[in-house]
Amino acid sequence: MALTSEATTVWNGSLFEGAGTVSLDSSKAAEFPVNWKARSEGAPHTTNPEELLGAAHAACFSMAFSLALTQAGHTPDSIQTTAAVTFEPGKGVLGSHLLVNAVVPGISEEEFHRIAEDAKVNCPISQALASIPITLEAELA
């Protein structure tokens, strides 16, 4: 059965002078301010579409990696994933870099890296981002 997830943005004003808020429809308490300055230059306490995309990519990869490790007989103790999504005004999203640190008892470095690469390619968000480069740095702790 398919599940449709929603987030809502309310934007006021022009792109460069305006601002808005993004809310996750699963949690009405979670509301994030957005504006062009945060997107093009970075701004404290204000998010941007690429940060939200990074959150989705990090969560999806962690879930796919956990499943693949478990199916290979190596249930992870923990997986920490950061997705760094790069945006350049006028060019768009240039790539997503996954930085992973995991505690996985009893796995070899070689098998760990092979499974991490497979999860990178096969997580649904990576597949949705197929038009951009996706890189991976994975460390077995």
# chains A, B, ... in the order shown; residues from 1 in each chain; ligands from 1
>>> select_by_dssp(residues="chain A", states="strand (DSSP E)", output="ChimeraX atom specification")
/A:7-12,19-24,27-35,78-88,92-103,134-140
>>> select_by_dssp(residues="chain A", states="alpha helix (DSSP H)", output="MDAnalysis selection string")
chainID A and resid 36:40 49:71 109:122 124:128
>>> residues_around(residues="region 117-131 of chain A", least_positions_apart="4", cutoff="10 Å", atoms="only C-alpha atoms", output="number ranges by chain")
A: 53-54, 56-69, 93-96, 98, 111-113, 135-138
>>> residues_around(residues="region 1-16 of chain A", least_positions_apart="3", cutoff="9 Å", atoms="only C-alpha atoms", output="list of chain:residue names")
A:Ala19, A:Gly20, A:Thr21, A:Val22, A:Ser23, A:Leu24, A:Asp25, A:Ser26, A:Val34, A:Asn35, A:Trp36, A:Lys37
>>> residues_around(residues="Ile107 (chain A)", least_positions_apart="2", cutoff="10 Å", atoms="only C-alpha atoms", output="ChimeraX atom specification")
/A:69,72-76,103-105,109-113,140
>>> write_last_selection(atoms="N, CA, C and O atoms", output="PDB file, in the first residue's frame")
ATOM      1  N   LEU A  69      22.307  -4.162   6.175  1.00  0.00           N
ATOM      2  CA  LEU A  69      23.222  -4.761   7.153  1.00  0.00           C
ATOM      3  C   LEU A  69      22.555  -5.917   7.887  1.00  0.00           C
ATOM      4  O   LEU A  69      23.144  -6.992   8.041  1.00  0.00           O
ATOM      5  N   ALA A  72      22.210  -8.982   5.892  1.00  0.00           N
ATOM      6  CA  ALA A  72      23.508  -9.640   5.717  1.00  0.00           C
ATOM      7  C   ALA A  72      23.992 -10.281   7.022  1.00  0.00           C
ATOM      8  O   ALA A  72      25.105 -10.812   7.071  1.00  0.00           O
ATOM      9  N   GLY A  73      23.163 -10.210   8.069  1.00  0.00           N
ATOM     10  CA  GLY A  73      23.523 -10.839   9.339  1.00  0.00           C
ATOM     11  C   GLY A  73      24.317  -9.962  10.278  1.00  0.00           C
ATOM     12  O   GLY A  73      24.951 -10.461  11.206  1.00  0.00           O
ATOM     13  N   HIS A  74      24.301  -8.650  10.063  1.00  0.00           N
ATOM     14  CA  HIS A  74      25.077  -7.710  10.886  1.00  0.00           C
ATOM     15  C   HIS A  74      24.180  -6.565  11.356  1.00  0.00           C
ATOM     16  O   HIS A  74      24.269  -5.444  10.844  1.00  0.00           O
ATOM     17  N   THR A  75      23.329  -6.821  12.322  1.00  0.00           N
ATOM     18  CA  THR A  75      22.449  -5.775  12.831  1.00  0.00           C
ATOM     19  C   THR A  75      23.289  -4.653  13.446  1.00  0.00           C
ATOM     20  O   THR A  75      24.104  -4.914  14.342  1.00  0.00           O
ATOM     21  N   PRO A  76      23.114  -3.421  12.985  1.00  0.00           N
ATOM     22  CA  PRO A  76      23.936  -2.323  13.503  1.00  0.00           C
ATOM     23  C   PRO A  76      23.510  -1.897  14.904  1.00  0.00           C
ATOM     24  O   PRO A  76      22.331  -1.956  15.244  1.00  0.00           O
ATOM     25  N   VAL A 103      28.327   1.817  13.995  1.00  0.00           N
ATOM     26  CA  VAL A 103      28.836   0.766  14.872  1.00  0.00           C
ATOM     27  C   VAL A 103      28.108  -0.510  14.471  1.00  0.00           C
ATOM     28  O   VAL A 103      26.887  -0.610  14.622  1.00  0.00           O
ATOM     29  N   VAL A 104      28.883  -1.440  13.900  1.00  0.00           N
ATOM     30  CA  VAL A 104      28.315  -2.689  13.395  1.00  0.00           C
ATOM     31  C   VAL A 104      29.215  -3.833  13.855  1.00  0.00           C
ATOM     32  O   VAL A 104      30.266  -4.085  13.255  1.00  0.00           O
ATOM     33  N   PRO A 105      28.817  -4.526  14.921  1.00  0.00           N
ATOM     34  CA  PRO A 105      29.657  -5.606  15.438  1.00  0.00           C
ATOM     35  C   PRO A 105      29.840  -6.737  14.427  1.00  0.00           C
ATOM     36  O   PRO A 105      28.913  -7.110  13.706  1.00  0.00           O
ATOM     37  N   GLU A 109      35.632  -4.530   7.202  1.00  0.00           N
ATOM     38  CA  GLU A 109      35.634  -3.231   6.517  1.00  0.00           C
ATOM     39  C   GLU A 109      35.121  -3.384   5.088  1.00  0.00           C
ATOM     40  O   GLU A 109      34.327  -2.574   4.617  1.00  0.00           O
ATOM     41  N   GLU A 110      35.578  -4.419   4.407  1.00  0.00           N
ATOM     42  CA  GLU A 110      35.203  -4.629   3.013  1.00  0.00           C
ATOM     43  C   GLU A 110      33.695  -4.841   2.867  1.00  0.00           C
ATOM     44  O   GLU A 110      33.057  -4.217   2.016  1.00  0.00           O
ATOM     45  N   GLU A 111      33.118  -5.699   3.698  1.00  0.00           N
ATOM     46  CA  GLU A 111      31.684  -5.942   3.608  1.00  0.00           C
ATOM     47  C   GLU A 111      30.893  -4.699   4.005  1.00  0.00           C
ATOM     48  O   GLU A 111      29.882  -4.363   3.377  1.00  0.00           O
ATOM     49  N   PHE A 112      31.365  -3.986   5.021  1.00  0.00           N
ATOM     50  CA  PHE A 112      30.728  -2.742   5.460  1.00  0.00           C
ATOM     51  C   PHE A 112      30.629  -1.745   4.305  1.00  0.00           C
ATOM     52  O   PHE A 112      29.566  -1.191   4.026  1.00  0.00           O
ATOM     53  N   HIS A 113      31.739  -1.539   3.602  1.00  0.00           N
ATOM     54  CA  HIS A 113      31.760  -0.565   2.507  1.00  0.00           C
ATOM     55  C   HIS A 113      30.921  -1.035   1.315  1.00  0.00           C
ATOM     56  O   HIS A 113      30.257  -0.223   0.666  1.00  0.00           O
ATOM     57  N   LEU A 140      33.483   2.811   9.698  1.00  0.00           N
ATOM     58  CA  LEU A 140      33.088   1.781  10.654  1.00  0.00           C
ATOM     59  C   LEU A 140      33.743   2.112  11.978  1.00  0.00           C
ATOM     60  O   LEU A 140      34.972   2.144  12.073  1.00  0.00           O
TER      61      LEU A 140
END
>>> closest_residue(among="A:Thr47, A:Ile115, A:Ser27, A:Ala38", to="Thr70 (chain A)", atoms="only C-alpha atoms")
A:Ile115
